[in-house]
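Undergrad: Got a structure for you, structure_13.pdb, holding PDB, C-alpha atoms, pLDDT in the B column.
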```
ATOM      1  CA  MET A   1     158.586  59.664  97.513  1.00 58.00           C
ATOM      2  CA  LYS A   2     157.672  62.837  99.398  1.00 71.00           C
ATOM      3  CA  LEU A   3     160.265  65.589  99.202  1.00 78.00           C
ATOM      4  CA  ASN A   4     159.333  68.103 101.896  1.00 85.00           C
ATOM      5  CA  TRP A   5     162.003  70.647 101.082  1.00 89.00           C
ATOM      6  CA  PHE A   6     159.862  73.794 100.984  1.00 90.00           C
ATOM      7  CA  THR A   7     156.720  75.286 102.481  1.00 89.00           C
ATOM      8  CA  ARG A   8     154.674  77.834 100.609  1.00 88.00           C
ATOM      9  CA  LYS A   9     153.906  81.246 102.127  1.00 88.00           C
ATOM     10  CA  GLY A  10     151.854  83.150  99.601  1.00 87.00           C
ATOM     11  CA  ILE A  11     153.917  83.178  96.411  1.00 88.00           C
ATOM     12  CA  ILE A  12     157.228  82.488  98.181  1.00 90.00           C
ATOM     13  CA  PHE A  13     158.526  78.966  98.718  1.00 91.00           C
ATOM     14  CA  TRP A  14     160.422  79.037 102.012  1.00 91.00           C
ATOM     15  CA  PRO A  15     162.959  76.287 102.822  1.00 91.00           C
ATOM     16  CA  ALA A  16     161.700  73.681 105.268  1.00 90.00           C
ATOM     17  CA  SER A  17     164.722  71.393 105.316  1.00 90.00           C
ATOM     18  CA  VAL A  18     168.505  71.451 104.937  1.00 92.00           C
ATOM     19  CA  VAL A  19     168.238  70.650 101.226  1.00 91.00           C
ATOM     20  CA  GLY A  20     165.826  73.568 100.778  1.00 92.00           C
ATOM     21  CA  TRP A  21     168.272  75.944 102.465  1.00 94.00           C
ATOM     22  CA  ILE A  22     171.117  74.658 100.293  1.00 94.00           C
ATOM     23  CA  ILE A  23     169.030  75.327  97.177  1.00 94.00           C
ATOM     24  CA  LEU A  24     168.232  78.849  98.411  1.00 95.00           C
ATOM     25  CA  VAL A  25     171.901  79.569  99.141  1.00 95.00           C
ATOM     26  CA  LEU A  26     172.918  78.236  95.702  1.00 95.00           C
ATOM     27  CA  ALA A  27     170.271  80.375  93.999  1.00 95.00           C
ATOM     28  CA  THR A  28     171.465  83.464  95.895  1.00 95.00           C
ATOM     29  CA  ALA A  29     175.099  82.713  95.058  1.00 95.00           C
ATOM     30  CA  TYR A  30     174.235  82.292  91.375  1.00 93.00           C
ATOM     31  CA  ALA A  31     172.325  85.591  91.436  1.00 93.00           C
ATOM     32  CA  VAL A  32     175.372  87.365  92.880  1.00 93.00           C
ATOM     33  CA  TYR A  33     177.637  85.687  90.290  1.00 92.00           C
ATOM     34  CA  THR A  34     175.283  86.801  87.505  1.00 90.00           C
ATOM     35  CA  PHE A  35     175.227  90.347  88.856  1.00 90.00           C
ATOM     36  CA  ILE A  36     179.013  90.542  88.882  1.00 90.00           C
ATOM     37  CA  GLY A  37     179.158  89.196  85.308  1.00 88.00           C
ATOM     38  CA  ILE A  38     176.498  91.627  84.038  1.00 85.00           C
ATOM     39  CA  ASN A  39     178.139  94.537  85.877  1.00 86.00           C
ATOM     40  CA  GLY A  40     181.424  93.786  84.126  1.00 85.00           C
ATOM     41  CA  ARG A  41     179.786  93.805  80.662  1.00 80.00           C
ATOM     42  CA  SER A  42     177.383  96.734  81.064  1.00 78.00           C
ATOM     43  CA  HIS A  43     177.895 100.418  80.265  1.00 80.00           C
ATOM     44  CA  SER A  44     175.472 101.995  82.712  1.00 82.00           C
ATOM     45  CA  VAL A  45     173.493 101.339  85.873  1.00 82.00           C
ATOM     46  CA  SER A  46     170.230 101.027  83.946  1.00 78.00           C
ATOM     47  CA  ASP A  47     171.850  98.479  81.624  1.00 78.00           C
ATOM     48  CA  VAL A  48     172.912  96.456  84.684  1.00 82.00           C
ATOM     49  CA  MET A  49     169.485  96.658  86.324  1.00 82.00           C
ATOM     50  CA  ILE A  50     167.533  95.721  83.190  1.00 78.00           C
ATOM     51  CA  ASN A  51     169.639  92.622  82.544  1.00 80.00           C
ATOM     52  CA  PHE A  52     170.062  91.657  86.200  1.00 87.00           C
ATOM     53  CA  VAL A  53     166.354  91.862  87.088  1.00 88.00           C
ATOM     54  CA  PHE A  54     165.572  89.668  84.073  1.00 84.00           C
ATOM     55  CA  ASN A  55     168.091  87.067  85.265  1.00 86.00           C
ATOM     56  CA  LEU A  56     166.851  87.378  88.842  1.00 91.00           C
ATOM     57  CA  LEU A  57     163.289  86.641  87.761  1.00 91.00           C
ATOM     58  CA  LEU A  58     164.501  83.589  85.825  1.00 88.00           C
ATOM     59  CA  ILE A  59     166.362  82.351  88.921  1.00 92.00           C
ATOM     60  CA  GLY A  60     163.217  82.960  90.989  1.00 93.00           C
ATOM     61  CA  LEU A  61     161.193  80.993  88.428  1.00 92.00           C
ATOM     62  CA  VAL A  62     163.502  77.961  88.527  1.00 92.00           C
ATOM     63  CA  TYR A  63     163.578  78.143  92.331  1.00 94.00           C
ATOM     64  CA  SER A  64     159.759  78.295  92.460  1.00 93.00           C
ATOM     65  CA  ILE A  65     159.411  75.340  90.082  1.00 92.00           C
ATOM     66  CA  ILE A  66     161.659  73.281  92.387  1.00 93.00           C
ATOM     67  CA  GLY A  67     159.666  74.494  95.396  1.00 91.00           C
ATOM     68  CA  TYR A  68     156.372  73.672  93.667  1.00 91.00           C
ATOM     69  CA  PHE A  69     157.311  70.029  93.114  1.00 90.00           C
ATOM     70  CA  THR A  70     158.973  69.538  96.514  1.00 89.00           C
ATOM     71  CA  GLU A  71     156.500  71.398  98.685  1.00 84.00           C
ATOM     72  CA  ALA A  72     155.604  69.892 102.041  1.00 78.00           C
ATOM     73  CA  ARG A  73     151.888  69.096 101.875  1.00 71.00           C
ATOM     74  CA  ARG A  74     149.717  70.117 104.806  1.00 61.00           C
ATOM     75  CA  GLU A  75     148.333  67.143 106.746  1.00 56.00           C
ATOM     76  CA  VAL A  76     144.550  67.088 107.129  1.00 51.00           C
ATOM     77  CA  ASP A  77     143.260  65.709 110.445  1.00 46.00           C
TER      78      ASP A  77
ATOM     79  CA  MET B   1     111.423  65.561 133.576  1.00 69.00           C
ATOM     80  CA  LYS B   2     110.616  69.084 132.496  1.00 76.00           C
ATOM     81  CA  LYS B   3     113.751  69.124 130.325  1.00 79.00           C
ATOM     82  CA  ASP B   4     112.783  65.802 128.756  1.00 83.00           C
ATOM     83  CA  ASP B   5     109.318  67.178 127.931  1.00 84.00           C
ATOM     84  CA  GLU B   6     110.812  70.296 126.412  1.00 85.00           C
ATOM     85  CA  PHE B   7     113.224  68.200 124.376  1.00 85.00           C
ATOM     86  CA  LEU B   8     110.421  65.960 123.135  1.00 85.00           C
ATOM     87  CA  LYS B   9     108.344  69.000 122.155  1.00 84.00           C
ATOM     88  CA  LYS B  10     111.294  70.446 120.259  1.00 84.00           C
ATOM     89  CA  MET B  11     111.888  67.216 118.355  1.00 85.00           C
ATOM     90  CA  GLU B  12     108.188  66.928 117.467  1.00 82.00           C
ATOM     91  CA  ASN B  13     108.094  70.469 116.125  1.00 82.00           C
ATOM     92  CA  LEU B  14     111.245  70.132 114.037  1.00 81.00           C
ATOM     93  CA  ASN B  15     110.906  71.130 110.389  1.00 78.00           C
ATOM     94  CA  VAL B  16     111.792  68.150 108.263  1.00 74.00           C
ATOM     95  CA  PRO B  17     113.733  69.248 105.151  1.00 72.00           C
ATOM     96  CA  GLU B  18     112.035  68.513 101.863  1.00 67.00           C
ATOM     97  CA  VAL B  19     114.061  66.283  99.614  1.00 64.00           C
ATOM     98  CA  ASN B  20     113.655  66.855  95.923  1.00 61.00           C
ATOM     99  CA  PRO B  21     114.868  63.708  94.164  1.00 59.00           C
ATOM    100  CA  THR B  22     114.770  65.388  90.747  1.00 57.00           C
ATOM    101  CA  GLY B  23     116.994  68.258  91.902  1.00 54.00           C
ATOM    102  CA  HIS B  24     120.653  68.508  90.873  1.00 54.00           C
ATOM    103  CA  PRO B  25     122.657  66.303  93.238  1.00 56.00           C
ATOM    104  CA  ASN B  26     125.312  68.048  95.298  1.00 59.00           C
ATOM    105  CA  ARG B  27     128.752  66.601  94.896  1.00 60.00           C
ATOM    106  CA  VAL B  28     132.280  67.518  95.830  1.00 61.00           C
ATOM    107  CA  LYS B  29     133.879  68.951  92.709  1.00 63.00           C
ATOM    108  CA  MET B  30     137.598  68.464  92.910  1.00 67.00           C
ATOM    109  CA  ALA B  31     139.778  70.083  90.305  1.00 66.00           C
ATOM    110  CA  ILE B  32     142.916  68.327  89.041  1.00 73.00           C
ATOM    111  CA  MET B  33     145.349  70.799  90.610  1.00 78.00           C
ATOM    112  CA  ASN B  34     145.351  72.912  93.759  1.00 82.00           C
ATOM    113  CA  ALA B  35     144.226  76.465  92.967  1.00 85.00           C
ATOM    114  CA  ASP B  36     146.505  78.277  95.470  1.00 87.00           C
ATOM    115  CA  ARG B  37     149.640  76.393  94.433  1.00 87.00           C
ATOM    116  CA  SER B  38     148.852  76.903  90.747  1.00 89.00           C
ATOM    117  CA  ALA B  39     148.368  80.626  91.330  1.00 90.00           C
ATOM    118  CA  ALA B  40     151.702  80.853  93.204  1.00 90.00           C
ATOM    119  CA  LEU B  41     153.620  79.136  90.397  1.00 91.00           C
ATOM    120  CA  GLY B  42     151.620  81.016  87.763  1.00 92.00           C
ATOM    121  CA  PHE B  43     152.789  84.337  89.234  1.00 92.00           C
ATOM    122  CA  TRP B  44     156.424  83.395  88.616  1.00 92.00           C
ATOM    123  CA  LEU B  45     155.638  82.055  85.140  1.00 92.00           C
ATOM    124  CA  VAL B  46     154.183  85.388  84.004  1.00 92.00           C
ATOM    125  CA  ALA B  47     156.612  87.617  85.953  1.00 91.00           C
ATOM    126  CA  VAL B  48     159.394  87.318  83.359  1.00 87.00           C
ATOM    127  CA  PRO B  49     157.312  88.116  80.250  1.00 89.00           C
ATOM    128  CA  CYS B  50     155.495  90.877  82.163  1.00 90.00           C
ATOM    129  CA  TYR B  51     158.845  92.418  83.071  1.00 88.00           C
ATOM    130  CA  PHE B  52     159.941  92.248  79.436  1.00 85.00           C
ATOM    131  CA  LEU B  53     156.712  93.983  78.362  1.00 85.00           C
ATOM    132  CA  ALA B  54     157.220  96.620  81.075  1.00 86.00           C
ATOM    133  CA  CYS B  55     160.705  97.325  79.631  1.00 83.00           C
ATOM    134  CA  VAL B  56     159.160  97.571  76.150  1.00 82.00           C
ATOM    135  CA  PHE B  57     156.569 100.023  77.478  1.00 83.00           C
ATOM    136  CA  MET B  58     159.256 102.211  79.071  1.00 81.00           C
ATOM    137  CA  TYR B  59     161.341 102.146  75.879  1.00 80.00           C
ATOM    138  CA  TYR B  60     158.272 103.066  73.804  1.00 77.00           C
ATOM    139  CA  PHE B  61     157.242 105.776  76.286  1.00 77.00           C
ATOM    140  CA  PHE B  62     160.657 107.467  76.268  1.00 76.00           C
ATOM    141  CA  ASN B  63     161.242 107.013  72.509  1.00 72.00           C
ATOM    142  CA  ARG B  64     158.090 108.281  70.851  1.00 66.00           C
ATOM    143  CA  GLN B  65     159.546 107.982  67.368  1.00 66.00           C
ATOM    144  CA  VAL B  66     159.591 104.201  67.754  1.00 66.00           C
ATOM    145  CA  SER B  67     156.378 102.166  67.420  1.00 68.00           C
ATOM    146  CA  TRP B  68     155.346  99.554  70.000  1.00 68.00           C
ATOM    147  CA  PHE B  69     156.548  96.645  67.876  1.00 68.00           C
ATOM    148  CA  GLY B  70     159.724  98.588  67.031  1.00 69.00           C
ATOM    149  CA  ALA B  71     160.432  98.878  70.762  1.00 67.00           C
ATOM    150  CA  MET B  72     159.852  95.126  71.189  1.00 69.00           C
ATOM    151  CA  PHE B  73     162.196  94.428  68.293  1.00 68.00           C
ATOM    152  CA  LYS B  74     164.950  96.625  69.830  1.00 68.00           C
ATOM    153  CA  LEU B  75     164.702  94.947  73.221  1.00 68.00           C
ATOM    154  CA  ALA B  76     164.505  91.446  71.718  1.00 67.00           C
ATOM    155  CA  GLU B  77     167.747  92.274  69.860  1.00 67.00           C
ATOM    156  CA  GLY B  78     169.306  93.253  73.176  1.00 65.00           C
ATOM    157  CA  LEU B  79     168.211  89.948  74.684  1.00 63.00           C
ATOM    158  CA  ASP B  80     169.804  88.063  71.797  1.00 60.00           C
ATOM    159  CA  LYS B  81     173.154  89.663  72.649  1.00 60.00           C
ATOM    160  CA  THR B  82     173.055  88.431  76.252  1.00 59.00           C
ATOM    161  CA  PRO B  83     174.835  85.070  76.357  1.00 61.00           C
ATOM    162  CA  GLY B  84     172.653  82.140  77.364  1.00 61.00           C
ATOM    163  CA  ILE B  85     169.397  84.028  76.970  1.00 61.00           C
ATOM    164  CA  ASP B  86     169.141  84.187  73.170  1.00 64.00           C
ATOM    165  CA  PHE B  87     167.785  80.642  72.802  1.00 70.00           C
ATOM    166  CA  MET B  88     165.572  80.987  75.867  1.00 72.00           C
ATOM    167  CA  ALA B  89     163.624  83.995  74.586  1.00 72.00           C
ATOM    168  CA  PRO B  90     160.855  82.037  72.778  1.00 76.00           C
ATOM    169  CA  ILE B  91     160.602  79.576  75.686  1.00 80.00           C
ATOM    170  CA  VAL B  92     160.379  82.289  78.304  1.00 78.00           C
ATOM    171  CA  LEU B  93     158.106  84.618  76.388  1.00 80.00           C
ATOM    172  CA  VAL B  94     155.658  82.151  74.844  1.00 87.00           C
ATOM    173  CA  VAL B  95     155.925  78.719  76.456  1.00 89.00           C
ATOM    174  CA  LEU B  96     155.822  79.896  80.068  1.00 90.00           C
ATOM    175  CA  PRO B  97     152.564  81.869  79.687  1.00 92.00           C
ATOM    176  CA  ILE B  98     151.011  78.862  77.927  1.00 93.00           C
ATOM    177  CA  VAL B  99     152.071  76.613  80.831  1.00 93.00           C
ATOM    178  CA  CYS B 100     150.563  79.172  83.213  1.00 93.00           C
ATOM    179  CA  ILE B 101     147.258  79.043  81.304  1.00 93.00           C
ATOM    180  CA  ILE B 102     147.228  75.233  81.448  1.00 93.00           C
ATOM    181  CA  ILE B 103     147.991  74.851  85.159  1.00 92.00           C
ATOM    182  CA  ASN B 104     145.560  77.562  86.227  1.00 93.00           C
ATOM    183  CA  ALA B 105     142.821  76.234  83.949  1.00 92.00           C
ATOM    184  CA  LEU B 106     143.275  72.749  85.408  1.00 90.00           C
ATOM    185  CA  ALA B 107     143.064  74.241  88.900  1.00 90.00           C
ATOM    186  CA  ILE B 108     139.653  75.822  88.409  1.00 89.00           C
ATOM    187  CA  THR B 109     137.978  73.366  86.025  1.00 87.00           C
ATOM    188  CA  HIS B 110     135.975  70.314  86.986  1.00 85.00           C
ATOM    189  CA  VAL B 111     134.624  67.954  84.322  1.00 83.00           C
ATOM    190  CA  HIS B 112     131.929  65.379  84.945  1.00 81.00           C
ATOM    191  CA  TYR B 113     130.207  62.879  82.629  1.00 81.00           C
ATOM    192  CA  GLU B 114     126.815  61.446  83.519  1.00 78.00           C
ATOM    193  CA  LYS B 115     124.334  59.070  81.963  1.00 76.00           C
ATOM    194  CA  GLY B 116     120.638  58.742  82.573  1.00 66.00           C
ATOM    195  CA  ILE B 117     120.049  62.061  84.271  1.00 60.00           C
ATOM    196  CA  SER B 118     116.548  63.201  85.240  1.00 59.00           C
ATOM    197  CA  GLY B 119     115.130  59.733  84.784  1.00 60.00           C
ATOM    198  CA  LYS B 120     115.788  59.647  81.028  1.00 65.00           C
ATOM    199  CA  PRO B 121     117.703  56.455  80.244  1.00 69.00           C
ATOM    200  CA  GLY B 122     119.362  57.665  77.018  1.00 73.00           C
ATOM    201  CA  ALA B 123     120.364  61.100  78.277  1.00 76.00           C
ATOM    202  CA  LYS B 124     124.090  61.828  78.528  1.00 81.00           C
ATOM    203  CA  GLU B 125     125.613  64.980  79.932  1.00 81.00           C
ATOM    204  CA  PHE B 126     129.134  66.367  79.932  1.00 83.00           C
ATOM    205  CA  ILE B 127     129.221  68.945  82.704  1.00 83.00           C
ATOM    206  CA  ILE B 128     132.071  71.448  82.901  1.00 86.00           C
ATOM    207  CA  SER B 129     132.251  73.532  86.075  1.00 86.00           C
ATOM    208  CA  ILE B 130     134.551  76.503  86.470  1.00 87.00           C
ATOM    209  CA  LYS B 131     135.325  77.751  89.964  1.00 88.00           C
ATOM    210  CA  ILE B 132     135.448  81.515  90.361  1.00 89.00           C
ATOM    211  CA  LYS B 133     138.942  81.923  91.774  1.00 89.00           C
ATOM    212  CA  THR B 134     140.032  85.525  91.186  1.00 91.00           C
ATOM    213  CA  TRP B 135     143.812  85.068  91.056  1.00 91.00           C
ATOM    214  CA  ASN B 136     143.689  82.018  88.798  1.00 92.00           C
ATOM    215  CA  ILE B 137     141.339  83.699  86.335  1.00 93.00           C
ATOM    216  CA  LEU B 138     143.452  86.894  86.409  1.00 93.00           C
ATOM    217  CA  LEU B 139     146.619  84.902  85.666  1.00 94.00           C
ATOM    218  CA  ILE B 140     144.906  83.119  82.773  1.00 94.00           C
ATOM    219  CA  LEU B 141     143.811  86.452  81.267  1.00 94.00           C
ATOM    220  CA  ILE B 142     147.268  88.030  81.705  1.00 94.00           C
ATOM    221  CA  SER B 143     148.943  84.964  80.151  1.00 94.00           C
ATOM    222  CA  MET B 144     146.562  85.022  77.173  1.00 94.00           C
ATOM    223  CA  ALA B 145     147.282  88.737  76.650  1.00 92.00           C
ATOM    224  CA  ILE B 146     151.041  88.033  76.708  1.00 91.00           C
ATOM    225  CA  VAL B 147     150.745  85.146  74.236  1.00 91.00           C
ATOM    226  CA  PHE B 148     148.629  87.194  71.814  1.00 90.00           C
ATOM    227  CA  THR B 149     151.038  90.132  72.089  1.00 87.00           C
ATOM    228  CA  PHE B 150     153.998  87.962  71.142  1.00 86.00           C
ATOM    229  CA  ILE B 151     152.110  86.254  68.331  1.00 87.00           C
ATOM    230  CA  ALA B 152     151.248  89.695  66.927  1.00 87.00           C
ATOM    231  CA  TYR B 153     154.909  90.764  67.333  1.00 82.00           C
ATOM    232  CA  THR B 154     156.156  87.640  65.513  1.00 82.00           C
ATOM    233  CA  MET B 155     153.732  88.172  62.647  1.00 85.00           C
ATOM    234  CA  THR B 156     154.710  91.848  62.370  1.00 82.00           C
ATOM    235  CA  GLU B 157     158.415  90.995  62.455  1.00 77.00           C
ATOM    236  CA  ASN B 158     158.001  88.401  59.672  1.00 79.00           C
ATOM    237  CA  ILE B 159     156.039  90.821  57.510  1.00 79.00           C
ATOM    238  CA  SER B 160     158.607  93.613  57.994  1.00 73.00           C
ATOM    239  CA  ILE B 161     161.511  91.253  57.194  1.00 69.00           C
ATOM    240  CA  ARG B 162     159.827  90.071  53.979  1.00 70.00           C
ATOM    241  CA  SER B 163     159.026  93.598  52.871  1.00 68.00           C
TER     242      SER B 163
END
```
In structure tokens, what does this structure look like?
TA:
Amino acid sequence: MKLNWFTRKGIIFWPASVVGWIILVLATAYAVYTFIGINGRSHSVSDVMINFVFNLLLIGLVYSIIGYFTEARREVD
Amino acid sequence: MKKDDEFLKKMENLNVPEVNPTGHPNRVKMAIMNADRSAALGFWLVAVPCYFLACVFMYYFFNRQVSWFGAMFKLAEGLDKTPGIDFMAPIVLVVLPIVCIIINALAITHVHYEKGISGKPGAKEFIISIKIKTWNILLILISMAIVFTFIAYTMTENISIRS
């Protein structure tokens, strides 16, 4: 079963369907939720940034893994 | 008529390519995985450990009294305190670079087995071809450096705990 949810542009997997956009919105919402949680627990801006960027990269990794397996393949004529 | 004559002359004077039957046959060498896709995913697989090492470098640079492995130990302790990340540290920092090595190696490697090459009936050859794809090779080297760094850190940590 072909799942053409994303198209790849360089290293970024861009949504190519409604499901892809939903996944992107969910990932963004989770990133914001994580930021708010880290901000509440941290003592300084650098503490927030160090922990948030780490979480953001993990979210980007999971998003890219989903995009990798559901990428729309280019048709060859 | 003139054009036909010219065409005939051209065809008669064509250089026929020489075929060397003993030469290495050209074939399409397809790797198991797509190189560009593997490089794209490989970037994200090494981004997290590279970021961790960048934080270690900054901590070491601004705290000269701490050694490199001491800086790694301090930051790893900080990661352990973050909820949900403590159990992921070995997966993120060791497993992901290993996965990156595997997918990029599969993307640039082609393996072929042949019998009876060059007219010799008993001859067998196992031919491994590696495509020179800059980004894939770079990601493999970076991932190997990350894995060796964390193996060295783990060994150092175990030795310091025992002593």
Undergrad: Per residue of chain A within 9 Å of chain B, record the nearest atom pair and its distance in Å to one decimal, counting all atoms listed in the file, with rows in chain order and ascending residue number, as a Markdown table.
TA:
```
| residue | atom | partner | partner_atom | distance |
| --- | --- | --- | --- | --- |
| A:Arg8 | CA | B:Arg37 | CA | 8.1 |
| A:Gly10 | CA | B:Ala40 | CA | 6.8 |
| A:Ile11 | CA | B:Ala40 | CA | 4.5 |
| A:Ile12 | CA | B:Ala40 | CA | 7.6 |
| A:Phe13 | CA | B:Ala40 | CA | 9.0 |
| A:Ile50 | CA | B:Cys55 | CA | 7.9 |
| A:Asn51 | CA | B:Thr82 | CA | 8.3 |
| A:Val53 | CA | B:Tyr51 | CA | 8.5 |
| A:Phe54 | CA | B:Val48 | CA | 6.6 |
| A:Asn55 | CA | B:Val48 | CA | 8.9 |
| A:Leu57 | CA | B:Val48 | CA | 5.9 |
| A:Leu58 | CA | B:Val48 | CA | 6.8 |
| A:Gly60 | CA | B:Trp44 | CA | 7.2 |
| A:Leu61 | CA | B:Trp44 | CA | 5.3 |
| A:Val62 | CA | B:Trp44 | CA | 8.9 |
| A:Ser64 | CA | B:Leu41 | CA | 6.5 |
| A:Ile65 | CA | B:Leu41 | CA | 6.9 |
| A:Tyr68 | CA | B:Leu41 | CA | 6.9 |
```
Undergrad: At a cut-off of 7 Å, using all atoms listed in the file, what residues contact B:Ser129? Leave out same-chain residues fewer than 6 positions from it and give the result as an MDAnalysis selection string.
TA: chainID B and resid 109:111
Undergrad: Using atom CA of A:Asn39 and atom CA of A:Leu56 as the two end points, give the distance in Å to one decimal.
TA: 13.7 Å
Undergrad: To one decimal place, how far is atom CA of B:Pro90 from atom CA of B:Ile151 in Å?
TA: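 These two atoms are separated by 10.7 Å.
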Undergrad: Work out how far atom CA of B:Lys133 is from atom CA of B:Ala35, in Å to one decimal.
TA: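 A separation of 7.7 Å between them.
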Undergrad: Give, as AutoDock Vina command-line options, the centre coordinates and the x, y and z edge lengths in Å to one decimal for an axis-aligned box around all listed atoms of stretch 37-51 of chain B, padded by 5 Å on each side.
TA:
```
--center_x 153.9 --center_y 84.4 --center_z 87.3 --size_x 21.0 --size_y 26.0 --size_z 24.2
```
Undergrad: Hey, what comes out of the PyMOL selection byres ((chain A and resi 24) around 12) on this file? Could you write it as a ChimeraX atom specification?
TA: /A:5-6,12-23,25-31,59-60,62-64,66-67
Undergrad: Can you write out the residues you just picked, keeping C-alpha atoms, as a compact mmCIF listing (two decimals), in the frame of the given file?
TA:
```txt
# COMPACT_ATOMS: atom_id res chain seq x y z
CA TRP A 5 162.00 70.65 101.08
CA PHE A 6 159.86 73.79 100.98
CA ILE A 12 157.23 82.49 98.18
CA PHE A 13 158.53 78.97 98.72
CA TRP A 14 160.42 79.04 102.01
CA PRO A 15 162.96 76.29 102.82
CA ALA A 16 161.70 73.68 105.27
CA SER A 17 164.72 71.39 105.32
CA VAL A 18 168.50 71.45 104.94
CA VAL A 19 168.24 70.65 101.23
CA GLY A 20 165.83 73.57 100.78
CA TRP A 21 168.27 75.94 102.46
CA ILE A 22 171.12 74.66 100.29
CA ILE A 23 169.03 75.33 97.18
CA VAL A 25 171.90 79.57 99.14
CA LEU A 26 172.92 78.24 95.70
CA ALA A 27 170.27 80.38 94.00
CA THR A 28 171.46 83.46 95.90
CA ALA A 29 175.10 82.71 95.06
CA TYR A 30 174.24 82.29 91.38
CA ALA A 31 172.32 85.59 91.44
CA ILE A 59 166.36 82.35 88.92
CA GLY A 60 163.22 82.96 90.99
CA VAL A 62 163.50 77.96 88.53
CA TYR A 63 163.58 78.14 92.33
CA SER A 64 159.76 78.30 92.46
CA ILE A 66 161.66 73.28 92.39
CA GLY A 67 159.67 74.49 95.40
```
Undergrad: Could you pull the residues within 9 Å of A:Leu3, counting all atoms listed in the file, minus those fewer than 4 positions along the same chain, as a PDB file with C-alpha atoms, in the frame of the given file?
TA:
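Writing done, so here's around-v7.pdb:
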```pdb
ATOM      1  CA  PHE A  69     157.311  70.029  93.114  1.00 90.00           C
ATOM      2  CA  THR A  70     158.973  69.538  96.514  1.00 89.00           C
ATOM      3  CA  GLU A  71     156.500  71.398  98.685  1.00 84.00           C
ATOM      4  CA  ALA A  72     155.604  69.892 102.041  1.00 78.00           C
TER       5      ALA A  72
END
```
